[in-house]
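Enquirer: I'd like to ask some things about the structure below.
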Amino acid sequence: MNQNDLNWYEGIGFPKPVILSANEKLHLVKRYYGMDFDILFISNTKDGNQEDYLSLWLLNDEYVVECKNFLNQQDIDIARYKGNVTYINIRFGSLDDIDYPVADSSMNLIISLGENICRFSAVGKNCTKLDFIAKTFIKDYTKR
């Protein structure tokens, strides 16, 4: 599954060094925590022509992992989200940003897991993947 996610990011034009770094962090986290992940998400933002890649996110059916500033440092957080989602905030310009994202589409997702806050950002076609992740958290939230 993770290789499909990495291939998808390559297909939508993410730079090769970003994809290689994400793959390295994925293997590090898998080895360190001893678990597999179903979803890989690269959080990105854009200011003018400058695109930034803030965090690598990994999810399975119980945990969420954030590799902060994954291009430059080794800073990894893990939290249990299953049964712990207490607040969800989704911001986007219009439904078209989700259904038909273009280069200037954007989406932000904030999830509260008790004392832990997860902040996801997406621009362009990455909004499609963030929409899927939002629905994953919403499913858990509505099961309470």
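Just so we're on the same page: first chain in the structure tokens is A, next is B, and so on; residues restart at 1 for each chain, and ligands are numbered from 1 in the order they show up.
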Can you list, as a compact mmCIF listing (two decimals) with C-alpha atoms, in the first residue's frame, every protein, DNA or RNA residue that comes within 8 Å of range 41-55 of chain A when you count only C-alpha atoms, leaving out same-chain residues fewer than 5 positions away?
Expert:
# COMPACT_ATOMS: atom_id res chain seq x y z
CA ASP A 5 1.03 6.01 -2.15
CA VAL A 18 10.74 14.33 -1.16
CA ALA A 22 9.40 9.83 2.76
CA GLU A 66 3.88 12.24 12.30
CA CYS A 67 7.44 12.68 11.07
CA LYS A 68 7.83 16.43 11.52
CA ASN A 69 10.07 18.33 9.10
CA PHE A 70 10.90 14.91 7.65
CA LEU A 71 13.23 16.32 4.99
CA PHE A 120 -2.60 18.24 8.07
CA SER A 121 -2.27 20.53 5.04
CA ALA A 122 -2.66 19.86 1.35
CA VAL A 123 -2.51 21.84 -1.86
CA ASN A 126 -2.99 16.25 -2.64
CA LYS A 129 -5.73 12.24 -0.37
CA LEU A 130 -6.37 14.55 2.59
Enquirer: Apply DSSP to the structure's backbone, then extract all residues of range 1-134 of chain A labelled helix (DSSP H, G or I) and return them as a PyMOL selection string.
Expert: chain A and resi 2-11+16-33+96-99+126-134
Enquirer: Using N, CA and C atoms, can you export the residues from the last selection as a short mmCIF file (atom, residue, chain, number, x, y, z; two decimals), in the first residue's frame?
Expert:
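again.cif, freshly written:
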data_model
loop_
_atom_site.label_atom_id
_atom_site.label_comp_id
_atom_site.auth_asym_id
_atom_site.auth_seq_id
_atom_site.Cartn_x
_atom_site.Cartn_y
_atom_site.Cartn_z
N ASN A 2 1.90 1.30 0.83
CA ASN A 2 2.72 2.49 0.91
C ASN A 2 3.43 2.79 -0.40
N GLN A 3 3.85 1.75 -1.12
CA GLN A 3 4.51 1.97 -2.40
C GLN A 3 3.52 2.60 -3.39
N ASN A 4 2.25 2.18 -3.33
CA ASN A 4 1.23 2.79 -4.17
C ASN A 4 1.08 4.27 -3.85
N ASP A 5 1.12 4.61 -2.54
CA ASP A 5 1.03 6.01 -2.15
C ASP A 5 2.22 6.80 -2.68
N LEU A 6 3.41 6.24 -2.55
CA LEU A 6 4.61 6.93 -3.05
C LEU A 6 4.56 7.09 -4.56
N ASN A 7 4.09 6.07 -5.26
CA ASN A 7 3.94 6.16 -6.71
C ASN A 7 2.92 7.23 -7.08
N TRP A 8 1.84 7.33 -6.30
CA TRP A 8 0.82 8.34 -6.55
C TRP A 8 1.43 9.74 -6.41
N TYR A 9 2.22 9.95 -5.36
CA TYR A 9 2.86 11.26 -5.17
C TYR A 9 3.83 11.57 -6.32
N GLU A 10 4.53 10.57 -6.77
CA GLU A 10 5.43 10.78 -7.92
C GLU A 10 4.62 11.16 -9.15
N GLY A 11 3.47 10.50 -9.31
CA GLY A 11 2.61 10.76 -10.46
C GLY A 11 2.01 12.16 -10.48
N LYS A 16 11.41 14.14 -6.55
CA LYS A 16 12.02 12.84 -6.21
C LYS A 16 12.67 12.85 -4.82
N PRO A 17 13.42 13.90 -4.42
CA PRO A 17 14.03 13.89 -3.08
C PRO A 17 12.98 13.82 -1.96
N VAL A 18 11.81 14.40 -2.16
CA VAL A 18 10.74 14.33 -1.16
C VAL A 18 10.24 12.89 -1.04
N ILE A 19 10.04 12.25 -2.17
CA ILE A 19 9.55 10.87 -2.18
C ILE A 19 10.59 9.93 -1.56
N LEU A 20 11.87 10.13 -1.91
CA LEU A 20 12.93 9.29 -1.33
C LEU A 20 13.03 9.47 0.18
N SER A 21 12.93 10.70 0.65
CA SER A 21 12.98 10.96 2.09
C SER A 21 11.78 10.33 2.80
N ALA A 22 10.60 10.44 2.19
CA ALA A 22 9.40 9.83 2.76
C ALA A 22 9.57 8.32 2.86
N ASN A 23 10.13 7.70 1.84
CA ASN A 23 10.36 6.26 1.85
C ASN A 23 11.35 5.86 2.95
N GLU A 24 12.41 6.64 3.11
CA GLU A 24 13.39 6.37 4.18
C GLU A 24 12.74 6.45 5.55
N LYS A 25 11.94 7.50 5.78
CA LYS A 25 11.29 7.67 7.08
C LYS A 25 10.27 6.56 7.32
N LEU A 26 9.55 6.16 6.28
CA LEU A 26 8.59 5.07 6.40
C LEU A 26 9.28 3.81 6.92
N HIS A 27 10.41 3.46 6.32
CA HIS A 27 11.12 2.25 6.74
C HIS A 27 11.70 2.40 8.15
N LEU A 28 12.15 3.58 8.49
CA LEU A 28 12.65 3.84 9.85
C LEU A 28 11.54 3.64 10.87
N VAL A 29 10.38 4.23 10.62
CA VAL A 29 9.26 4.12 11.56
C VAL A 29 8.77 2.68 11.66
N LYS A 30 8.66 1.99 10.53
CA LYS A 30 8.24 0.59 10.55
C LYS A 30 9.20 -0.25 11.40
N ARG A 31 10.50 -0.02 11.22
CA ARG A 31 11.50 -0.78 11.96
C ARG A 31 11.46 -0.44 13.45
N TYR A 32 11.34 0.83 13.75
CA TYR A 32 11.40 1.28 15.13
C TYR A 32 10.15 0.88 15.91
N TYR A 33 8.97 1.09 15.33
CA TYR A 33 7.73 0.79 16.03
C TYR A 33 7.24 -0.63 15.79
N ASP A 96 -15.12 21.95 -4.84
CA ASP A 96 -14.27 21.66 -6.00
C ASP A 96 -12.83 21.38 -5.59
N ASP A 97 -12.38 21.98 -4.46
CA ASP A 97 -11.03 21.70 -3.97
C ASP A 97 -10.87 20.22 -3.61
N ILE A 98 -11.98 19.57 -3.29
CA ILE A 98 -11.96 18.15 -2.94
C ILE A 98 -12.26 17.30 -4.18
N ASP A 99 -13.34 17.63 -4.86
CA ASP A 99 -13.81 16.81 -5.98
C ASP A 99 -12.95 16.95 -7.24
N ASN A 126 -3.15 16.88 -3.94
CA ASN A 126 -2.99 16.25 -2.64
C ASN A 126 -4.25 16.41 -1.78
N CYS A 127 -5.11 17.37 -2.13
CA CYS A 127 -6.38 17.55 -1.40
C CYS A 127 -7.23 16.28 -1.46
N THR A 128 -7.15 15.55 -2.55
CA THR A 128 -7.90 14.31 -2.70
C THR A 128 -7.50 13.31 -1.62
N LYS A 129 -6.22 13.18 -1.38
CA LYS A 129 -5.73 12.24 -0.37
C LYS A 129 -6.09 12.73 1.03
N LEU A 130 -6.02 14.03 1.27
CA LEU A 130 -6.37 14.55 2.59
C LEU A 130 -7.87 14.37 2.85
N ASP A 131 -8.69 14.48 1.84
CA ASP A 131 -10.12 14.21 1.99
C ASP A 131 -10.34 12.78 2.46
N PHE A 132 -9.62 11.84 1.91
CA PHE A 132 -9.72 10.43 2.31
C PHE A 132 -9.33 10.28 3.78
N ILE A 133 -8.25 10.95 4.19
CA ILE A 133 -7.79 10.87 5.58
C ILE A 133 -8.82 11.50 6.52
N ALA A 134 -9.40 12.62 6.12
CA ALA A 134 -10.44 13.25 6.95
C ALA A 134 -11.59 12.27 7.17
#
Enquirer: Using only C-alpha atoms, which of A:Tyr100, A:Asp75, A:Asn84, A:Ile90 sits nearest Arg119 in chain A?
Expert: A:Ile90
Enquirer: Could you pull out the strand (DSSP E) residues of range 6-107 of chain A from DSSP and send them as a ChimeraX atom specification?
Expert: /A:39-47,50-59,63-68,75-80,87-92,106-107
Enquirer: Quick one: write out the picked residues with N, CA and C atoms as a short mmCIF file (atom, residue, chain, number, x, y, z; two decimals), in the first residue's frame?
Expert:
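See out.cif below for the written result:
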data_model
loop_
_atom_site.label_atom_id
_atom_site.label_comp_id
_atom_site.auth_asym_id
_atom_site.auth_seq_id
_atom_site.Cartn_x
_atom_site.Cartn_y
_atom_site.Cartn_z
N ILE A 39 -1.80 3.93 5.29
CA ILE A 39 -1.90 5.21 4.59
C ILE A 39 -0.61 6.01 4.80
N LEU A 40 -0.10 6.57 3.73
CA LEU A 40 1.04 7.47 3.78
C LEU A 40 0.57 8.80 3.19
N PHE A 41 0.83 9.89 3.91
CA PHE A 41 0.41 11.21 3.46
C PHE A 41 1.55 12.20 3.66
N ILE A 42 1.84 12.98 2.63
CA ILE A 42 2.86 14.03 2.72
C ILE A 42 2.13 15.37 2.77
N SER A 43 2.25 16.05 3.90
CA SER A 43 1.60 17.34 4.10
C SER A 43 2.37 18.41 3.32
N ASN A 44 1.65 19.18 2.51
CA ASN A 44 2.32 20.23 1.73
C ASN A 44 1.54 21.53 1.77
N THR A 45 2.27 22.64 1.63
CA THR A 45 1.69 23.98 1.56
C THR A 45 2.37 24.71 0.41
N LYS A 46 1.77 25.82 0.01
CA LYS A 46 2.33 26.60 -1.08
C LYS A 46 2.16 28.07 -0.79
N ASP A 47 3.24 28.83 -0.97
CA ASP A 47 3.21 30.28 -0.82
C ASP A 47 3.81 30.85 -2.10
N GLN A 50 6.60 28.88 -4.07
CA GLN A 50 7.36 28.05 -3.12
C GLN A 50 6.47 26.99 -2.49
N GLU A 51 6.76 25.73 -2.76
CA GLU A 51 6.02 24.63 -2.15
C GLU A 51 6.87 24.04 -1.04
N ASP A 52 6.25 23.80 0.11
CA ASP A 52 6.94 23.22 1.26
C ASP A 52 6.28 21.90 1.63
N TYR A 53 7.10 20.99 2.13
CA TYR A 53 6.65 19.66 2.52
C TYR A 53 6.91 19.55 4.02
N LEU A 54 5.86 19.70 4.81
CA LEU A 54 5.98 19.89 6.25
C LEU A 54 6.17 18.61 7.04
N SER A 55 5.30 17.65 6.81
CA SER A 55 5.31 16.43 7.62
C SER A 55 4.97 15.23 6.76
N LEU A 56 5.48 14.10 7.21
CA LEU A 56 5.07 12.81 6.66
C LEU A 56 4.15 12.19 7.70
N TRP A 57 2.98 11.76 7.27
CA TRP A 57 2.01 11.13 8.15
C TRP A 57 1.82 9.68 7.75
N LEU A 58 1.73 8.80 8.73
CA LEU A 58 1.49 7.39 8.51
C LEU A 58 0.32 6.96 9.39
N LEU A 59 -0.62 6.22 8.85
CA LEU A 59 -1.76 5.76 9.62
C LEU A 59 -1.98 4.28 9.40
N TYR A 63 -3.26 3.71 14.94
CA TYR A 63 -2.28 4.74 15.27
C TYR A 63 -2.06 5.73 14.14
N VAL A 64 -1.63 6.93 14.53
CA VAL A 64 -1.19 7.94 13.58
C VAL A 64 0.21 8.36 13.98
N VAL A 65 1.10 8.46 13.00
CA VAL A 65 2.49 8.84 13.23
C VAL A 65 2.78 10.08 12.40
N GLU A 66 3.44 11.06 13.03
CA GLU A 66 3.88 12.24 12.30
C GLU A 66 5.40 12.30 12.35
N CYS A 67 6.01 12.42 11.19
CA CYS A 67 7.44 12.68 11.07
C CYS A 67 7.56 14.16 10.69
N LYS A 68 7.79 14.98 11.71
CA LYS A 68 7.83 16.43 11.52
C LYS A 68 9.09 16.84 10.76
N ASP A 75 12.25 13.60 13.86
CA ASP A 75 11.34 14.01 14.93
C ASP A 75 10.02 13.28 14.68
N ILE A 76 9.79 12.21 15.44
CA ILE A 76 8.67 11.32 15.16
C ILE A 76 7.75 11.24 16.38
N ASP A 77 6.46 11.49 16.15
CA ASP A 77 5.43 11.36 17.18
C ASP A 77 4.49 10.23 16.79
N ILE A 78 3.97 9.53 17.80
CA ILE A 78 2.95 8.52 17.56
C ILE A 78 1.83 8.73 18.57
N ALA A 79 0.60 8.54 18.12
CA ALA A 79 -0.56 8.66 19.00
C ALA A 79 -1.61 7.63 18.57
N ARG A 80 -2.34 7.15 19.55
CA ARG A 80 -3.47 6.27 19.26
C ARG A 80 -4.66 7.15 18.92
N TYR A 87 -12.27 16.00 18.32
CA TYR A 87 -12.59 17.23 17.57
C TYR A 87 -12.00 17.12 16.18
N ILE A 88 -12.77 17.59 15.19
CA ILE A 88 -12.32 17.61 13.80
C ILE A 88 -12.65 18.97 13.21
N ASN A 89 -11.67 19.60 12.56
CA ASN A 89 -11.90 20.85 11.83
C ASN A 89 -11.36 20.66 10.42
N ILE A 90 -12.21 20.92 9.44
CA ILE A 90 -11.81 20.81 8.03
C ILE A 90 -12.04 22.17 7.38
N ARG A 91 -11.01 22.68 6.70
CA ARG A 91 -11.13 23.95 5.98
C ARG A 91 -10.71 23.75 4.53
N PHE A 92 -11.53 24.24 3.63
CA PHE A 92 -11.19 24.24 2.21
C PHE A 92 -11.98 25.34 1.54
N SER A 106 -6.72 24.10 -1.89
CA SER A 106 -6.08 23.86 -0.59
C SER A 106 -7.09 23.27 0.38
N MET A 107 -6.54 22.53 1.35
CA MET A 107 -7.35 21.92 2.38
C MET A 107 -6.51 21.81 3.63
#
Enquirer: Check the smallest atom-to-atom distance from each of A:Gly83, A:Gly124, A:Gly34, A:Ser112 to Phe14 in chain A using only C-alpha atoms, then report the winner.
Expert: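 That would be A:Gly124, the residue with the smallest distance to Phe14 in chain A.
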